[in-house]
$ cat final-v1.csv   # CSV, C-alpha atoms and all ligand atoms
chain,number,residue,atom,x,y,z
A,2,MET,CA,23.1,31.1,50.3
A,3,LEU,CA,19.8,31.5,48.5
A,4,ARG,CA,18.5,35.0,48.4
A,5,VAL,CA,15.5,36.2,46.3
A,6,MET,CA,15.7,39.5,44.6
A,7,ARG,CA,13.0,41.7,46.0
A,8,LYS,CA,11.5,45.1,45.1
A,9,LEU,CA,9.7,47.7,47.0
A,10,ILE,CA,6.8,49.4,45.2
A,11,THR,CA,5.3,52.5,46.8
A,12,ARG,CA,1.6,53.6,46.6
A,13,ARG,CA,2.8,56.3,44.1
A,14,GLY,CA,4.1,53.5,41.9
A,15,THR,CA,7.8,54.2,42.3
A,16,GLU,CA,9.9,51.0,42.3
A,17,HIS,CA,13.1,50.5,44.4
A,18,SER,CA,15.5,47.6,44.2
A,19,LEU,CA,16.4,46.1,47.5
A,20,PRO,CA,18.5,46.3,49.6
A,21,LEU,CA,17.9,50.0,50.2
A,22,PHE,CA,19.4,52.4,52.7
A,23,LEU,CA,17.4,55.4,54.1
A,24,PRO,CA,19.6,58.0,55.8
A,25,VAL,CA,18.0,59.8,58.7
A,26,TYR,CA,17.4,63.4,57.6
A,27,GLN,CA,16.7,66.2,60.2
A,28,PRO,CA,15.6,69.2,58.2
A,29,GLN,CA,16.1,71.6,61.2
A,30,SER,CA,19.7,70.6,61.9
A,31,PRO,CA,21.2,68.7,59.0
A,32,ILE,CA,24.9,67.7,59.3
A,33,VAL,CA,24.9,67.0,55.6
A,34,PRO,CA,22.4,69.3,53.8
A,35,LEU,CA,20.0,67.5,51.5
A,36,SER,CA,21.3,69.7,48.6
A,37,VAL,CA,24.7,67.9,48.9
A,38,TRP,CA,23.0,64.5,48.9
A,39,GLY,CA,22.3,65.1,45.2
A,40,GLU,CA,26.0,64.4,44.5
A,41,LEU,CA,25.4,60.9,45.7
A,42,GLN,CA,23.4,59.6,42.8
A,43,SER,CA,22.4,56.6,44.8
A,44,VAL,CA,20.3,58.3,47.4
A,45,GLU,CA,16.8,57.0,46.6
A,46,GLY,CA,15.1,57.8,49.8
A,47,CYS,CA,15.4,59.0,53.4
A,48,ILE,CA,13.6,58.8,56.7
A,49,LEU,CA,12.4,61.6,58.9
A,50,ASN,CA,11.1,61.7,62.4
A,51,ALA,CA,7.4,62.6,62.0
A,52,PHE,CA,7.2,63.4,65.7
A,53,PHE,CA,9.7,66.3,65.4
A,54,LEU,CA,7.6,67.7,62.6
A,55,TYR,CA,4.4,67.2,64.4
A,56,LYS,CA,5.4,68.8,67.6
A,57,ASN,CA,6.5,72.0,65.8
A,58,ARG,CA,3.4,74.1,65.6
A,59,GLU,CA,4.5,76.3,62.7
A,60,ILE,CA,5.5,73.3,60.6
A,61,ARG,CA,2.4,71.4,61.5
A,62,LYS,CA,0.3,74.3,60.3
A,63,LEU,CA,2.1,74.3,56.9
A,64,PHE,CA,1.2,70.6,56.5
A,65,GLY,CA,-2.4,71.3,57.7
A,66,ASN,CA,-2.6,73.8,54.8
A,67,GLY,CA,-1.8,71.0,52.3
A,68,LEU,CA,2.0,71.1,52.0
A,69,THR,CA,3.4,67.6,51.5
A,70,LEU,CA,6.6,66.2,53.1
A,71,ARG,CA,8.4,65.9,49.8
A,72,GLU,CA,7.6,69.6,49.1
A,73,TYR,CA,8.7,70.6,52.5
A,74,ILE,CA,12.2,69.0,52.2
A,75,LYS,CA,12.4,69.6,48.5
A,76,PHE,CA,13.2,65.9,47.8
A,77,ASP,CA,11.5,63.8,45.2
A,78,GLY,CA,12.6,60.4,46.3
A,79,LEU,CA,11.1,57.9,48.6
A,80,VAL,CA,10.3,59.3,52.1
A,81,MET,CA,9.6,57.2,55.1
A,82,THR,CA,8.7,58.5,58.5
A,83,ASP,CA,9.3,57.3,62.0
A,84,SER,CA,6.8,57.9,64.8
A,85,GLY,CA,8.7,59.2,67.8
A,86,ALA,CA,8.7,55.7,69.4
A,87,PHE,CA,12.4,56.1,70.1
A,88,GLN,CA,11.9,59.5,71.9
A,89,ALA,CA,9.3,57.8,74.1
A,90,LEU,CA,12.2,55.8,75.7
A,91,THR,CA,13.4,59.0,77.3
A,92,GLY,CA,10.2,60.6,78.5
A,93,PRO,CA,6.4,60.8,78.0
A,94,LEU,CA,5.5,62.1,74.5
A,95,LEU,CA,1.9,63.2,75.1
A,96,LEU,CA,1.1,61.7,71.7
A,97,SER,CA,-1.4,59.1,70.6
A,98,ASN,CA,-0.8,56.5,68.0
A,99,LYS,CA,-3.9,57.7,66.1
A,100,ALA,CA,-2.6,61.3,66.0
A,101,ILE,CA,0.9,60.5,64.7
A,102,VAL,CA,-0.3,58.0,62.2
A,103,THR,CA,-3.0,60.3,60.8
A,104,PHE,CA,-0.4,63.0,60.6
A,105,GLN,CA,2.0,60.8,58.5
A,106,GLU,CA,-0.9,59.9,56.1
A,107,MET,CA,-1.7,63.7,55.8
A,108,ILE,CA,1.8,64.7,54.9
A,109,LYS,CA,1.9,61.9,52.2
A,110,THR,CA,4.8,59.9,53.5
A,111,ASP,CA,5.5,56.7,51.4
A,112,ILE,CA,6.0,54.5,54.5
A,113,ALA,CA,4.5,55.3,57.8
A,114,SER,CA,5.4,53.9,61.3
A,115,PRO,CA,3.0,53.3,64.1
A,116,LEU,CA,3.8,54.4,67.6
A,117,ASP,CA,5.3,51.1,68.7
A,118,LEU,CA,6.8,50.4,72.1
A,119,ILE,CA,10.5,49.7,72.2
A,120,SER,CA,11.9,46.9,74.3
A,121,PRO,CA,15.5,47.3,75.2
A,122,PRO,CA,17.6,44.2,76.0
A,123,GLY,CA,17.3,44.5,79.8
A,124,GLU,CA,13.6,44.5,79.9
A,125,ASN,CA,11.8,41.6,81.7
A,126,ARG,CA,9.4,39.2,80.0
A,127,THR,CA,6.2,40.6,81.4
A,128,THR,CA,7.0,44.1,80.2
A,129,ALA,CA,8.2,42.9,76.8
A,130,GLU,CA,5.0,40.9,76.4
A,131,GLN,CA,2.8,43.8,77.3
A,132,LYS,CA,4.6,46.1,74.9
A,133,LEU,CA,4.3,43.6,72.0
A,134,ILE,CA,0.6,43.3,72.7
A,135,VAL,CA,0.0,47.1,72.7
A,136,THR,CA,2.2,47.5,69.6
A,137,LEU,CA,0.1,44.9,67.7
A,138,LYS,CA,-3.1,46.8,68.6
A,139,ARG,CA,-1.5,50.0,67.4
A,140,VAL,CA,-0.4,48.4,64.1
A,141,ARG,CA,-4.0,47.2,63.6
A,142,GLU,CA,-5.4,50.7,64.3
A,143,ALA,CA,-2.8,52.3,62.1
A,144,LEU,CA,-3.5,50.1,59.1
A,145,ASP,CA,-7.0,51.5,58.8
A,146,LEU,CA,-5.8,55.1,59.0
A,147,THR,CA,-3.2,54.8,56.2
A,148,PRO,CA,-4.8,54.0,52.9
A,149,GLY,CA,-2.4,56.3,51.1
A,150,CYS,CA,0.9,54.8,52.3
A,151,ILE,CA,2.6,51.6,53.2
A,152,LEU,CA,2.4,50.9,57.0
A,153,ALA,CA,5.4,49.3,58.7
A,154,GLY,CA,4.3,46.4,60.8
A,155,VAL,CA,6.7,46.6,63.7
A,156,GLN,CA,7.9,43.5,65.5
A,157,GLN,CA,8.7,43.7,69.2
A,158,GLY,CA,9.4,41.1,71.8
A,159,GLY,CA,12.7,42.2,73.2
A,160,ARG,CA,15.2,39.4,73.9
A,161,PHE,CA,12.7,36.6,74.0
A,162,PRO,CA,12.6,34.5,70.8
A,163,ASP,CA,9.1,33.1,71.5
A,164,LEU,CA,7.7,36.7,72.0
A,165,ARG,CA,9.4,37.8,68.8
A,166,ARG,CA,7.7,34.9,67.0
A,167,ARG,CA,4.3,35.7,68.6
A,168,SER,CA,4.6,39.3,67.6
A,169,LEU,CA,5.4,38.3,64.0
A,170,GLU,CA,2.5,35.8,63.8
A,171,GLY,CA,0.2,38.5,65.1
A,172,LEU,CA,1.4,40.9,62.4
A,173,MET,CA,0.9,38.3,59.7
A,174,GLU,CA,-2.6,37.8,60.9
A,175,ILE,CA,-3.3,41.5,60.7
A,176,GLY,CA,-2.2,41.4,57.1
A,177,ILE,CA,0.9,43.7,57.0
A,178,GLU,CA,2.7,44.0,53.7
A,179,TYR,CA,5.9,45.5,55.2
A,180,LEU,CA,7.8,44.2,58.2
A,181,ALA,CA,10.0,46.3,60.4
A,182,ILE,CA,12.1,44.7,63.1
A,183,GLY,CA,12.0,46.9,66.2
A,184,SER,CA,14.5,47.0,69.2
A,185,LEU,CA,17.1,44.9,67.4
A,186,VAL,CA,20.0,46.9,66.0
A,187,PRO,CA,21.8,48.6,67.7
A,188,PHE,CA,20.6,47.0,70.9
A,189,PHE,CA,21.7,43.5,70.3
A,190,ASN,CA,24.8,43.7,68.2
A,191,LYS,CA,27.5,45.0,70.6
A,192,ASN,CA,30.9,44.5,69.2
A,193,HIS,CA,29.3,43.2,65.9
A,194,ASP,CA,27.8,40.1,67.7
A,195,LEU,CA,25.3,38.9,65.1
A,196,LYS,CA,24.1,35.8,67.0
A,197,PHE,CA,20.8,37.1,68.3
A,198,VAL,CA,20.2,39.5,65.5
A,199,GLY,CA,20.8,36.7,63.0
A,200,ALA,CA,18.4,34.3,64.8
A,201,VAL,CA,15.6,36.9,64.9
A,202,LEU,CA,16.1,37.9,61.2
A,203,ARG,CA,16.2,34.3,60.0
A,204,GLU,CA,13.0,33.4,61.8
A,205,ALA,CA,11.4,36.7,60.6
A,206,ARG,CA,12.2,35.8,57.0
A,207,ARG,CA,10.9,32.3,57.4
A,208,ILE,CA,7.5,33.4,58.8
A,209,ALA,CA,7.1,36.5,56.5
A,210,GLY,CA,7.8,34.5,53.3
A,211,PRO,CA,10.1,35.3,50.4
A,212,GLN,CA,8.5,38.5,49.1
A,213,MET,CA,7.8,40.7,52.1
A,214,PRO,CA,10.3,43.6,52.5
A,215,ILE,CA,12.0,43.5,55.9
A,216,HIS,CA,13.3,46.7,57.4
A,217,VAL,CA,15.7,46.7,60.3
A,218,TYR,CA,15.4,50.0,62.2
A,219,GLY,CA,18.7,51.7,63.2
A,220,ALA,CA,21.2,49.6,61.1
A,221,GLY,CA,23.8,51.7,59.6
A,222,ASP,CA,27.3,50.3,60.0
A,223,PRO,CA,28.5,49.3,56.5
A,224,VAL,CA,30.4,46.3,57.8
A,225,GLU,CA,27.2,44.7,59.1
A,226,LEU,CA,24.8,45.5,56.2
A,227,PRO,CA,25.9,42.6,53.9
A,228,PHE,CA,25.5,40.1,56.7
A,229,LEU,CA,22.0,41.5,57.6
A,230,VAL,CA,21.1,41.2,53.9
A,231,ALA,CA,22.3,37.6,53.8
A,232,LEU,CA,20.1,36.9,56.8
A,233,GLY,CA,17.0,38.2,55.0
A,234,ALA,CA,16.9,41.9,55.6
A,235,ASP,CA,16.2,44.5,52.9
A,236,ILE,CA,15.8,48.0,54.2
A,237,PHE,CA,17.9,49.9,56.7
A,238,ASP,CA,17.8,53.4,58.2
A,239,SER,CA,20.2,55.2,60.4
A,240,SER,CA,21.9,58.5,61.3
A,241,SER,CA,25.1,56.6,61.8
A,242,TYR,CA,26.9,58.6,59.1
A,243,ALA,CA,26.5,61.7,61.3
A,244,HIS,CA,26.9,60.3,64.8
A,245,TYR,CA,30.0,58.2,63.8
A,246,ALA,CA,31.5,61.4,62.4
A,247,LYS,CA,30.7,63.3,65.6
A,248,GLU,CA,32.7,60.6,67.5
A,249,ARG,CA,35.4,60.7,64.9
A,250,TRP,CA,34.8,57.3,63.3
A,251,TYR,CA,35.9,56.9,59.7
A,252,MET,CA,33.6,54.3,58.0
A,253,THR,CA,35.0,51.7,55.7
A,254,PRO,CA,33.2,48.6,54.3
A,255,TYR,CA,35.4,46.5,56.6
A,256,GLY,CA,34.6,48.4,59.9
A,257,ALA,CA,35.0,52.0,61.1
A,258,LEU,CA,38.5,53.3,61.9
A,259,ARG,CA,39.8,55.6,64.6
A,260,ASP,CA,43.4,55.5,63.3
A,261,PRO,CA,44.6,55.8,59.8
A,262,GLY,CA,46.7,52.5,59.7
A,263,PRO,CA,45.1,50.8,56.7
A,264,LEU,CA,45.0,54.1,54.8
A,265,MET,CA,48.7,54.7,55.4
A,266,THR,CA,49.8,51.3,54.4
A,267,GLY,CA,47.7,51.6,51.3
A,268,GLU,CA,45.6,48.6,52.3
A,269,TYR,CA,42.5,50.8,51.9
A,270,THR,CA,41.8,53.8,49.7
A,271,CYS,CA,38.5,55.5,49.7
A,272,ARG,CA,37.2,56.7,46.3
A,273,CYS,CA,34.7,59.2,47.7
A,274,PRO,CA,35.2,62.8,46.4
A,275,ALA,CA,35.8,64.1,49.9
A,276,CYS,CA,38.8,61.8,50.5
A,277,GLN,CA,40.1,62.1,46.9
A,278,ALA,CA,40.2,65.9,47.5
A,279,GLN,CA,42.3,65.5,50.7
A,280,VAL,CA,45.4,63.5,49.9
A,281,PRO,CA,46.6,61.5,51.9
A,282,GLY,CA,43.1,61.5,53.4
A,283,TRP,CA,43.2,61.6,57.1
A,284,GLU,CA,42.7,65.4,57.4
A,285,ILE,CA,39.1,64.6,56.9
A,286,MET,CA,38.9,63.6,60.6
A,287,ASP,CA,39.0,67.3,61.6
A,288,ASP,CA,36.2,68.3,59.2
A,289,LEU,CA,32.9,67.0,60.6
A,290,PRO,CA,30.7,67.7,57.5
A,291,SER,CA,33.2,66.1,55.1
A,292,LEU,CA,33.6,63.1,57.4
A,293,ALA,CA,29.8,62.6,57.7
A,294,TRP,CA,29.6,62.9,53.9
A,295,HIS,CA,32.4,60.3,53.5
A,296,ASN,CA,30.5,58.0,55.9
A,297,MET,CA,27.3,58.4,53.9
A,298,TRP,CA,29.1,57.7,50.7
A,299,THR,CA,30.6,54.6,52.2
A,300,ILE,CA,27.2,53.2,53.2
A,301,PHE,CA,25.8,53.8,49.7
A,302,GLU,CA,28.9,52.2,48.2
A,303,THR,CA,28.3,49.2,50.4
A,304,ILE,CA,24.7,49.0,49.2
A,305,ARG,CA,25.9,49.2,45.6
A,306,LEU,CA,28.4,46.3,46.2
A,307,ILE,CA,25.7,44.2,47.9
A,308,ARG,CA,23.3,44.7,45.0
A,309,GLU,CA,26.1,43.8,42.5
A,310,ALA,CA,27.0,40.7,44.5
A,311,LEU,CA,23.3,39.6,44.7
A,312,ALA,CA,22.8,40.0,41.0
A,313,ALA,CA,25.9,37.9,40.3
A,314,HIS,CA,25.1,35.4,43.0
A,315,ARG,CA,28.3,36.2,44.7
A,316,LEU,CA,27.1,37.4,48.1
A,317,ASP,CA,29.0,34.6,49.9
A,318,GLU,CA,32.2,35.7,48.3
A,319,LEU,CA,31.6,39.3,49.4
A,320,LEU,CA,31.0,38.2,53.0
A,321,LYS,CA,34.2,36.1,53.0
A,322,ASP,CA,36.3,39.0,51.7
A,323,ILE,CA,34.8,41.3,54.4
A,324,ILE,CA,35.5,38.8,57.2
A,325,GLU,CA,39.0,38.3,56.1
A,326,VAL,CA,39.9,42.0,56.2
A,327,HIS,CA,37.7,42.8,59.3
A,328,GLN,CA,39.4,40.0,61.3
A,329,ARG,CA,42.8,41.4,60.5
A,330,TRP,CA,41.9,45.0,61.4
A,331,PHE,CA,39.7,44.2,64.5
A,332,PRO,CA,41.0,41.0,66.1
A,333,GLU,CA,38.6,41.5,69.1
A,334,SER,CA,35.4,41.7,67.0
A,335,LEU,CA,32.7,39.1,67.5
A,336,LEU,CA,31.6,39.3,63.9
A,337,PRO,CA,33.5,36.3,62.4
A,338,ALA,CA,32.8,33.9,65.3
A,339,SER,CA,29.1,34.9,65.6
A,340,TRP,CA,28.7,34.6,61.8
A,341,SER,CA,30.2,31.1,61.8
A,342,THR,CA,27.7,30.0,64.5
A,343,LEU,CA,24.9,31.1,62.3
A,344,HIS,CA,26.2,28.8,59.6
A,345,GLU,CA,26.2,25.7,61.8
B,401,ZN,ZN,36.0,58.9,51.7
$ encode --input "final-v1.csv" --output "structure tokens" --more "lines below"
Ligand SMILES: [Zn+2]
Amino acid sequence: MLRVMRKLITRRGTEHSLPLFLPVYQPQSPIVPLSVWGELQSVEGCILNAFFLYKNREIRKLFGNGLTLREYIKFDGLVMTDSGAFQALTGPLLLSNKAIVTFQEMIKTDIASPLDLISPPGENRTTAEQKLIVTLKRVREALDLTPGCILAGVQQGGRFPDLRRRSLEGLMEIGIEYLAIGSLVPFFNKNHDLKFVGAVLREARRIAGPQMPIHVYGAGDPVELPFLVALGADIFDSSSYAHYAKERWYMTPYGALRDPGPLMTGEYTCRCPACQAQVPGWEIMDDLPSLAWHNMWTIFETIRLIREALAAHRLDELLKDIIEVHQRWFPESLLPASWSTLHE
């Protein structure tokens, strides 16, 4: 499978090899404090919810006085911000696109997000169409308000391939330089079914051309990332490391485990410092911060393996290896079958 090596260059001039994973960081309630992230040499960036910062009057005042986001979280890597679009699914935000985008520009984020309108899978065509039209207008408005950062052009269109295409063509017309696929993962990949996700990503890559960075919002299961990369995606963000830990899921590159089978048989050994410190390794399940840290380590290890495979033109071999083990551990998973339909 042909795959071009891409880079992301920020307005500050920092360069990042792709693929790239941006863990969600919540400064007010971090499960894994940022200070501990430093032990993971590979953390190049993170994503924060700009809406949470904006709605806190005290924090907003600090930013109004000139504090930057990187200074606030004491992190010098790449910072991306989300807009609160996800929170809008559960209730009215009383927030305008202009206000949240201007705020992101002010706090000097590297990549800003417009206040797009999310279309969950059950949504009907008329609503999905309206949402994509409004999202396009907001992207256009946001582009003029963000000279200092990269703006994510967000694709919507729900479960309708023609609406997805229309959304993307509209974004290309506006002149975006960074594409973010909205309402896709985790909405459309239940039980690792990559069929719809794969079709959307393939078409997105075809229309966006070989150089445009493509971000998939909310993708953070290590077993899926190499497949999403093969389909054309480059950048992922998620808080999966924390919420998998809260639900006692132990991530591996072959799928997340609830029971220690493959660890006990010696089929899988995690090399992360948290697991190495706890032989035989399953005690970690009772230690939420360590489990979250292990999960984060596993995601970054996966990104490292993908980059290595890409550089050696061996991505197909990596995918084959993952499918072989995944199928054995999770016979019910739809990943192998859905992946093979994408090959036809
Ligand atoms: Zn581990």
$ closest_atom_pairs --input "final-v1.csv" --of "chain A" --to "ligand ZN 401 (chain B)" --cutoff "6 Å" --atoms "only C-alpha atoms and all ligand atoms" --output "tab-separated table"
residue	atom	partner	partner_atom	distance
A:Cys271	CA	B:ZN401	ZN	4.7
A:Arg272	CA	B:ZN401	ZN	6.0
A:Cys273	CA	B:ZN401	ZN	4.2
A:Ala275	CA	B:ZN401	ZN	5.5
A:Cys276	CA	B:ZN401	ZN	4.2
A:His295	CA	B:ZN401	ZN	4.3
$ residues_around --input "final-v1.csv" --residues "A:Val230" --least-positions-apart "4" --cutoff "12 Å" --atoms "all atoms listed in the file" --output "ChimeraX atom specification"
/A:2-7,19-22,198-199,202-203,206,214-217,220,223-226,234-237,303-304,306-308,310-311,316-317,319-320
$ residues_around --input "final-v1.csv" --residues "A:Pro261" --least-positions-apart "6" --cutoff "12 Å" --atoms "all atoms listed in the file" --output "list in words"
Arg249, Trp250, Tyr251, Met252, Thr253, Gly267, Glu268, Tyr269, Thr270, Cys271, Pro281, Gly282, Trp283, Glu284, Ile285, Met286 and Trp330 of chain A
$ write_last_selection --input "final-v1.csv" --atoms "C-alpha atoms" --output "PDB file, in the coordinates of the input"
ATOM      1  CA  ARG A 249      35.400  60.700  64.900  1.00  0.00           C
ATOM      2  CA  TRP A 250      34.800  57.300  63.300  1.00  0.00           C
ATOM      3  CA  TYR A 251      35.900  56.900  59.700  1.00  0.00           C
ATOM      4  CA  MET A 252      33.600  54.300  58.000  1.00  0.00           C
ATOM      5  CA  THR A 253      35.000  51.700  55.700  1.00  0.00           C
ATOM      6  CA  GLY A 267      47.700  51.600  51.300  1.00  0.00           C
ATOM      7  CA  GLU A 268      45.600  48.600  52.300  1.00  0.00           C
ATOM      8  CA  TYR A 269      42.500  50.800  51.900  1.00  0.00           C
ATOM      9  CA  THR A 270      41.800  53.800  49.700  1.00  0.00           C
ATOM     10  CA  CYS A 271      38.500  55.500  49.700  1.00  0.00           C
ATOM     11  CA  PRO A 281      46.600  61.500  51.900  1.00  0.00           C
ATOM     12  CA  GLY A 282      43.100  61.500  53.400  1.00  0.00           C
ATOM     13  CA  TRP A 283      43.200  61.600  57.100  1.00  0.00           C
ATOM     14  CA  GLU A 284      42.700  65.400  57.400  1.00  0.00           C
ATOM     15  CA  ILE A 285      39.100  64.600  56.900  1.00  0.00           C
ATOM     16  CA  MET A 286      38.900  63.600  60.600  1.00  0.00           C
ATOM     17  CA  TRP A 330      41.900  45.000  61.400  1.00  0.00           C
TER      18      TRP A 330
END
$ atom_distance --input "final-v1.csv" --atom1 "atom CA of A:Gln156" --atom2 "atom CA of A:Leu137"
8.2 Å
$ closest_residue --input "final-v1.csv" --among "A:Lys62, A:Pro34, A:Pro28, A:His17" --to "A:Gly46" --atoms "only C-alpha atoms"
A:His17
$ closest_residue --input "final-v1.csv" --among "A:Phe161, A:Tyr55, A:Ser334, A:Val326" --to "A:Glu124" --atoms "all atoms listed in the file"
A:Phe161
$ closest_residue --input "final-v1.csv" --among "A:Met297, A:Ile48, A:Leu144, A:Val135" --to "A:Phe76" --atoms "all atoms listed in the file"
A:Ile48
$ atom_distance --input "final-v1.csv" --atom1 "atom CA of A:Phe331" --atom2 "atom CA of A:Val33"
28.6 Å
$ atom_distance --input "final-v1.csv" --atom1 "atom CA of A:Glu174" --atom2 "atom CA of A:Asp145"
14.5 Å
$ residues_near_point --input "final-v1.csv" --point "(2.4, 38.7, 58.7)" --cutoff "12 Å" --atoms "only C-alpha atoms" --output "CSV table (one decimal) with C-alpha atoms, in the coordinates of the input"
chain,number,residue,atom,x,y,z
A,137,LEU,CA,0.1,44.9,67.7
A,140,VAL,CA,-0.4,48.4,64.1
A,141,ARG,CA,-4.0,47.2,63.6
A,153,ALA,CA,5.4,49.3,58.7
A,154,GLY,CA,4.3,46.4,60.8
A,155,VAL,CA,6.7,46.6,63.7
A,156,GLN,CA,7.9,43.5,65.5
A,166,ARG,CA,7.7,34.9,67.0
A,167,ARG,CA,4.3,35.7,68.6
A,168,SER,CA,4.6,39.3,67.6
A,169,LEU,CA,5.4,38.3,64.0
A,170,GLU,CA,2.5,35.8,63.8
A,171,GLY,CA,0.2,38.5,65.1
A,172,LEU,CA,1.4,40.9,62.4
A,173,MET,CA,0.9,38.3,59.7
A,174,GLU,CA,-2.6,37.8,60.9
A,175,ILE,CA,-3.3,41.5,60.7
A,176,GLY,CA,-2.2,41.4,57.1
A,177,ILE,CA,0.9,43.7,57.0
A,178,GLU,CA,2.7,44.0,53.7
A,179,TYR,CA,5.9,45.5,55.2
A,180,LEU,CA,7.8,44.2,58.2
A,181,ALA,CA,10.0,46.3,60.4
A,205,ALA,CA,11.4,36.7,60.6
A,206,ARG,CA,12.2,35.8,57.0
A,207,ARG,CA,10.9,32.3,57.4
A,208,ILE,CA,7.5,33.4,58.8
A,209,ALA,CA,7.1,36.5,56.5
A,210,GLY,CA,7.8,34.5,53.3
A,211,PRO,CA,10.1,35.3,50.4
A,212,GLN,CA,8.5,38.5,49.1
A,213,MET,CA,7.8,40.7,52.1
A,214,PRO,CA,10.3,43.6,52.5
A,215,ILE,CA,12.0,43.5,55.9
$ residues_around --input "final-v1.csv" --residues "A:Pro162" --least-positions-apart "5" --cutoff "9 Å" --atoms "all atoms listed in the file" --output "list in words"
Arg167, Phe197, Ala200 and Val201 of chain A
$ build_atoms --input "final-v1.csv" --residues "stretch 11-25 of chain A" --atoms "N, CA and C atoms" --output "tab-separated table (two decimals), in the coordinates of the input"
chain	number	residue	atom	x	y	z
A	11	THR	N	6.04	51.63	45.94
A	11	THR	CA	5.30	52.50	46.80
A	11	THR	C	3.85	52.71	46.24
A	12	ARG	N	2.97	53.34	47.03
A	12	ARG	CA	1.60	53.60	46.60
A	12	ARG	C	1.61	54.57	45.36
A	13	ARG	N	2.69	55.36	45.25
A	13	ARG	CA	2.80	56.30	44.10
A	13	ARG	C	3.29	55.54	42.86
A	14	GLY	N	3.66	54.29	43.04
A	14	GLY	CA	4.10	53.50	41.90
A	14	GLY	C	5.59	53.51	41.65
A	15	THR	N	6.36	54.17	42.52
A	15	THR	CA	7.80	54.20	42.30
A	15	THR	C	8.38	52.82	42.76
A	16	GLU	N	9.36	52.34	42.00
A	16	GLU	CA	9.90	51.00	42.30
A	16	GLU	C	11.37	51.18	42.80
A	17	HIS	N	11.70	50.40	43.81
A	17	HIS	CA	13.10	50.50	44.40
A	17	HIS	C	13.63	49.08	44.55
A	18	SER	N	14.82	48.89	43.96
A	18	SER	CA	15.50	47.60	44.20
A	18	SER	C	15.94	47.52	45.60
A	19	LEU	N	15.99	46.31	46.10
A	19	LEU	CA	16.40	46.10	47.50
A	19	LEU	C	17.76	45.33	47.43
A	20	PRO	N	18.64	45.54	48.39
A	20	PRO	CA	18.50	46.30	49.60
A	20	PRO	C	18.51	47.85	49.32
A	21	LEU	N	18.02	48.56	50.33
A	21	LEU	CA	17.90	50.00	50.20
A	21	LEU	C	18.30	50.61	51.58
A	22	PHE	N	19.03	51.71	51.50
A	22	PHE	CA	19.40	52.40	52.70
A	22	PHE	C	18.75	53.77	52.78
A	23	LEU	N	18.11	54.09	53.89
A	23	LEU	CA	17.40	55.40	54.10
A	23	LEU	C	18.16	56.18	55.15
A	24	PRO	N	18.97	57.17	54.76
A	24	PRO	CA	19.60	58.00	55.80
A	24	PRO	C	18.60	58.79	56.57
A	25	VAL	N	18.85	58.96	57.86
A	25	VAL	CA	18.00	59.80	58.70
A	25	VAL	C	18.28	61.27	58.25
